[in-house]
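Q: Before I ask anything, let me first share the structure, which is written out below as structure tokens.
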Amino acid sequence: MYFKNRGAIERPSRSVVSKKWSLFLCLGSFCAGMFFTNRMWIISETKEGITRTTTVEAERLKLVSENCITKFLQQQDIKLVSKDNFGILDKTISNLEIELAEAKAAQESILSGVPISEEIEKGESRRKRKYFMVVGINTAFSSRKRRDSLRATWMPQGEKRRKLEEEKGIIIRFVIGHSATLGGILDKAIEAEDKKHGDFLRLDHIEGYLELSAKTKTYFATAVNLWDAEYYIKVDDDVHVNIATLAETLARHRTKPRIYIGCMKSGPVLSRKGVRYHEPEYWKFGDKYFRHATGQIYAISKDLATYISANQHVLHKYTNEDVSLGAWFIGLDVQHIDDRRLCCGTPPDCEWKAQAGNVCVASFDWTCSGICRSVDRMKEVHRHCGEGENALWKAAF
């Protein structure tokens with residue numbers, strides 16, 4: 001009994017102790033294994049310089065690196081373009097902008113039933129040819145009689161005008177936009193007149209006296225992309241011009257870059273409302289304007305016309321278009337040429353100068369900012385101050 005009781009008591013005791021210690025030993029071994037495993041992993045990573053990342057983090061790093069490489073290559077491309085081909089790229093962008101404007105105007109013309117301008121249709125072929133100068137005569141819807149007075153005097157017509165373009169490289173066009181009502185009666189009248197004479201350059205521009213700065217900008221931008229010429233001239237439709245003398249005058253400067261030629265002036269800034277030539281932004285100028293060519297007639301070289309075309313969307317427009325043009329050249333290395341033969345008076349002034357062998361380029365009356373009563377007097381001025389019908393064909397330039 002004793003041995004049985006003892007055995008029965010001791011055997012369970014040994015069994016219970018064994019299970020507890022086994023459990024403790026297992027847990028201890030497991031914890032020790034985890035501790036040493038993690039410790040060795042960290043030490044190994046530290047020694048080898050390995051940074052563990054998840055799959056998502058790896059993808060993010062890959063994307064960042066690819067973006068950096070792409071941006072770096074783009075920056076290198078931009079640097080190369082800006083150093084080597086900036087001028088070509090700038091002109092290409094300008095040409096695309098003009099072509100887009102022409103396409104838009106053509107689309108609007110088709111939708112409204114208005115015939116597409118002959119100049120736009122033939123613009124592509126004309127760009128391939130070199131011309132000497134383009135003379136743009138600023139005109140308005142109400143100036144039909146003024147245009148006819150020029151056609152009857154100093155502006156060649158028909159076959160003579162075509163011969164002038166082919167043999168001398170001189171383009172002469174009346175410059176006009178369109179009315180606020182596209183395809184209205186005013187536009188149709190110009191189209192009929194153009195069909196008869198073929199001497200208009202139509203602009204994608206809404207006509208208006210207060211929009212002359214915008215019209216001037218659009219004219220140069222359009223002309224420089226239609227005709228590849230050395231010079232571009234703007235003249236009012238109440239001014240008398242000797243075309244051969246103008247060409248010979250410009251030819252003297254053809255080797256110089258960035259030419260801006262006209263009768264330079266620097267008049268007072270008119271701040272009082274209601275007066276003619278009032279300048280709303282007078283506070284920008286002080287008491288007097290900077291030197292700029294008077295608006296009746298002026299000429300610029302191709303590089304300046306290209307500059308206007310390329311930057312037309314950021315060039316500020318002042319009320320007076322001649323001030324605007326001068327302002328666009330402020331800060332540029334432009335050669336201002338003051339030639340008083342571009343602003344002679346009407347007879348007897350221009351007549352005396354012609355008799356003395358100093359034929360005027362242009363004649364008008366300062367008091368009228370053009371020839372006073374030009375429709376009635378243009379023939380008289382041409383008779384006394386004109387260079388002669390054969391001067392164009394004898395001129396060398």
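For the structure tokens, the naming scheme is as follows: chains receive sequential letters (A, B, ...) according to their order of presentation, residues are indexed from 1 within each chain, and ligands are indexed from 1 in presentation order.
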List every residue of segment 151-190 of chain A that DSSP, applied to the backbone of this structure, places in helix (DSSP H, G or I), and write the result as an MDAnalysis selection string.

A: chainID A and resid 151 158:168 185:190

Q: Neighbouring residues of Ala395 of chain A were defined as those with any atom within 10 Å, considering only C-alpha atoms; residues of the same chain fewer than 5 positions away were excluded. Please report them as a PyMOL selection string.

A: chain A and resi 168+243-245+247-248+390

Q: Between A:Ser271, A:Ile261, A:Arg377, A:Gly295, which has the minimum distance to Asp338 of chain A (counting only C-alpha atoms)?

A: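 Nearest to Asp338 of chain A: A:Ile261.
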
Q: Do you know which residues are at most 9 Å from Glu321 of chain A counting only C-alpha atoms, after dropping those on the same chain fewer than 3 positions away, and could you put them as a VMD selection string?

A: chain A and resid 211 to 217 295 317 to 318 324 to 326

Q: Convert the current residue selection to file output with all heavy atoms, as a JSON list (two decimals), in the first residue's frame.

A:
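Listing of part.json after writing:
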```json
[["chain", "number", "residue", "atom", "x", "y", "z"],
["A", 211, "GLU", "N", -8.87, 101.36, -83.09],
["A", 211, "GLU", "CA", -8.19, 100.07, -83.23],
["A", 211, "GLU", "C", -7.01, 100.16, -84.21],
["A", 211, "GLU", "O", -6.59, 99.14, -84.75],
["A", 211, "GLU", "CB", -9.18, 99.01, -83.72],
["A", 211, "GLU", "CG", -10.32, 98.73, -82.76],
["A", 211, "GLU", "CD", -9.84, 98.19, -81.42],
["A", 211, "GLU", "OE1", -8.83, 97.45, -81.42],
["A", 211, "GLU", "OE2", -10.46, 98.51, -80.39],
["A", 212, "LEU", "N", -6.50, 101.36, -84.44],
["A", 212, "LEU", "CA", -5.41, 101.51, -85.42],
["A", 212, "LEU", "C", -4.13, 100.80, -84.97],
["A", 212, "LEU", "O", -3.38, 100.28, -85.80],
["A", 212, "LEU", "CB", -5.15, 102.99, -85.67],
["A", 212, "LEU", "CG", -6.20, 103.73, -86.51],
["A", 212, "LEU", "CD1", -5.83, 105.21, -86.66],
["A", 212, "LEU", "CD2", -6.35, 103.09, -87.88],
["A", 213, "SER", "N", -3.85, 100.82, -83.66],
["A", 213, "SER", "CA", -2.65, 100.14, -83.18],
["A", 213, "SER", "C", -2.74, 98.64, -83.43],
["A", 213, "SER", "O", -1.78, 98.00, -83.87],
["A", 213, "SER", "CB", -2.44, 100.41, -81.69],
["A", 213, "SER", "OG", -2.13, 101.77, -81.46],
["A", 214, "ALA", "N", -3.91, 98.07, -83.17],
["A", 214, "ALA", "CA", -4.11, 96.65, -83.42],
["A", 214, "ALA", "C", -4.03, 96.34, -84.91],
["A", 214, "ALA", "O", -3.47, 95.32, -85.33],
["A", 214, "ALA", "CB", -5.47, 96.20, -82.87],
["A", 215, "LYS", "N", -4.56, 97.24, -85.74],
["A", 215, "LYS", "CA", -4.52, 97.04, -87.18],
["A", 215, "LYS", "C", -3.09, 97.10, -87.70],
["A", 215, "LYS", "O", -2.70, 96.29, -88.57],
["A", 215, "LYS", "CB", -5.36, 98.11, -87.88],
["A", 215, "LYS", "CG", -5.45, 97.94, -89.39],
["A", 215, "LYS", "CD", -6.35, 98.98, -90.03],
["A", 215, "LYS", "CE", -6.47, 98.79, -91.54],
["A", 215, "LYS", "NZ", -7.37, 99.78, -92.16],
["A", 216, "THR", "N", -2.31, 98.04, -87.19],
["A", 216, "THR", "CA", -0.90, 98.15, -87.60],
["A", 216, "THR", "C", -0.14, 96.88, -87.26],
["A", 216, "THR", "O", 0.64, 96.36, -88.08],
["A", 216, "THR", "CB", -0.25, 99.36, -86.91],
["A", 216, "THR", "OG1", -0.94, 100.55, -87.29],
["A", 216, "THR", "CG2", 1.22, 99.49, -87.31],
["A", 217, "LYS", "N", -0.37, 96.37, -86.06],
["A", 217, "LYS", "CA", 0.30, 95.15, -85.64],
["A", 217, "LYS", "C", -0.10, 93.97, -86.52],
["A", 217, "LYS", "O", 0.75, 93.18, -86.96],
["A", 217, "LYS", "CB", -0.05, 94.88, -84.17],
["A", 217, "LYS", "CG", 0.69, 93.74, -83.54],
["A", 217, "LYS", "CD", 0.63, 93.80, -82.01],
["A", 217, "LYS", "CE", -0.78, 93.88, -81.48],
["A", 217, "LYS", "NZ", -0.79, 93.76, -80.01],
["A", 295, "GLY", "N", 3.01, 109.13, -87.94],
["A", 295, "GLY", "CA", 2.19, 108.03, -88.44],
["A", 295, "GLY", "C", 1.78, 108.07, -89.89],
["A", 295, "GLY", "O", 1.26, 107.09, -90.41],
["A", 317, "LYS", "N", -0.81, 98.00, -76.81],
["A", 317, "LYS", "CA", -1.37, 98.93, -77.79],
["A", 317, "LYS", "C", -1.78, 100.22, -77.07],
["A", 317, "LYS", "O", -2.63, 100.20, -76.18],
["A", 317, "LYS", "CB", -2.58, 98.32, -78.50],
["A", 317, "LYS", "CG", -2.30, 97.01, -79.19],
["A", 317, "LYS", "CD", -3.52, 96.51, -79.95],
["A", 317, "LYS", "CE", -4.67, 96.15, -79.02],
["A", 317, "LYS", "NZ", -4.36, 95.01, -78.16],
["A", 318, "TYR", "N", -1.17, 101.34, -77.51],
["A", 318, "TYR", "CA", -1.60, 102.65, -77.03],
["A", 318, "TYR", "C", -2.62, 103.22, -78.02],
["A", 318, "TYR", "O", -2.82, 102.68, -79.12],
["A", 318, "TYR", "CB", -0.39, 103.58, -76.89],
["A", 318, "TYR", "CG", 0.56, 103.14, -75.81],
["A", 318, "TYR", "CD1", 1.72, 102.43, -76.13],
["A", 318, "TYR", "CD2", 0.29, 103.40, -74.47],
["A", 318, "TYR", "CE1", 2.59, 102.00, -75.13],
["A", 318, "TYR", "CE2", 1.16, 102.97, -73.47],
["A", 318, "TYR", "CZ", 2.30, 102.27, -73.81],
["A", 318, "TYR", "OH", 3.15, 101.84, -72.82],
["A", 324, "SER", "N", 2.50, 103.56, -80.48],
["A", 324, "SER", "CA", 2.58, 102.12, -80.21],
["A", 324, "SER", "C", 3.78, 101.49, -80.91],
["A", 324, "SER", "O", 4.54, 100.73, -80.32],
["A", 324, "SER", "CB", 1.29, 101.42, -80.65],
["A", 324, "SER", "OG", 0.19, 101.83, -79.87],
["A", 325, "LEU", "N", 3.94, 101.82, -82.21],
["A", 325, "LEU", "CA", 5.06, 101.24, -82.96],
["A", 325, "LEU", "C", 6.39, 101.63, -82.33],
["A", 325, "LEU", "O", 7.28, 100.79, -82.17],
["A", 325, "LEU", "CB", 5.01, 101.71, -84.42],
["A", 325, "LEU", "CG", 6.07, 101.07, -85.34],
["A", 325, "LEU", "CD1", 5.72, 99.62, -85.63],
["A", 325, "LEU", "CD2", 6.21, 101.84, -86.65],
["A", 326, "GLY", "N", 6.55, 102.91, -81.99],
["A", 326, "GLY", "CA", 7.79, 103.34, -81.35],
["A", 326, "GLY", "C", 8.01, 102.64, -80.02],
["A", 326, "GLY", "O", 9.15, 102.29, -79.67]]
```

Q: Go through A:Tyr307, A:Tyr289, A:Phe174, A:Phe200 and flag the residue nearest Phe329 of chain A, using only C-alpha atoms for the distances.

A: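 Answer, going by the shortest atom-to-atom distance: A:Tyr307.
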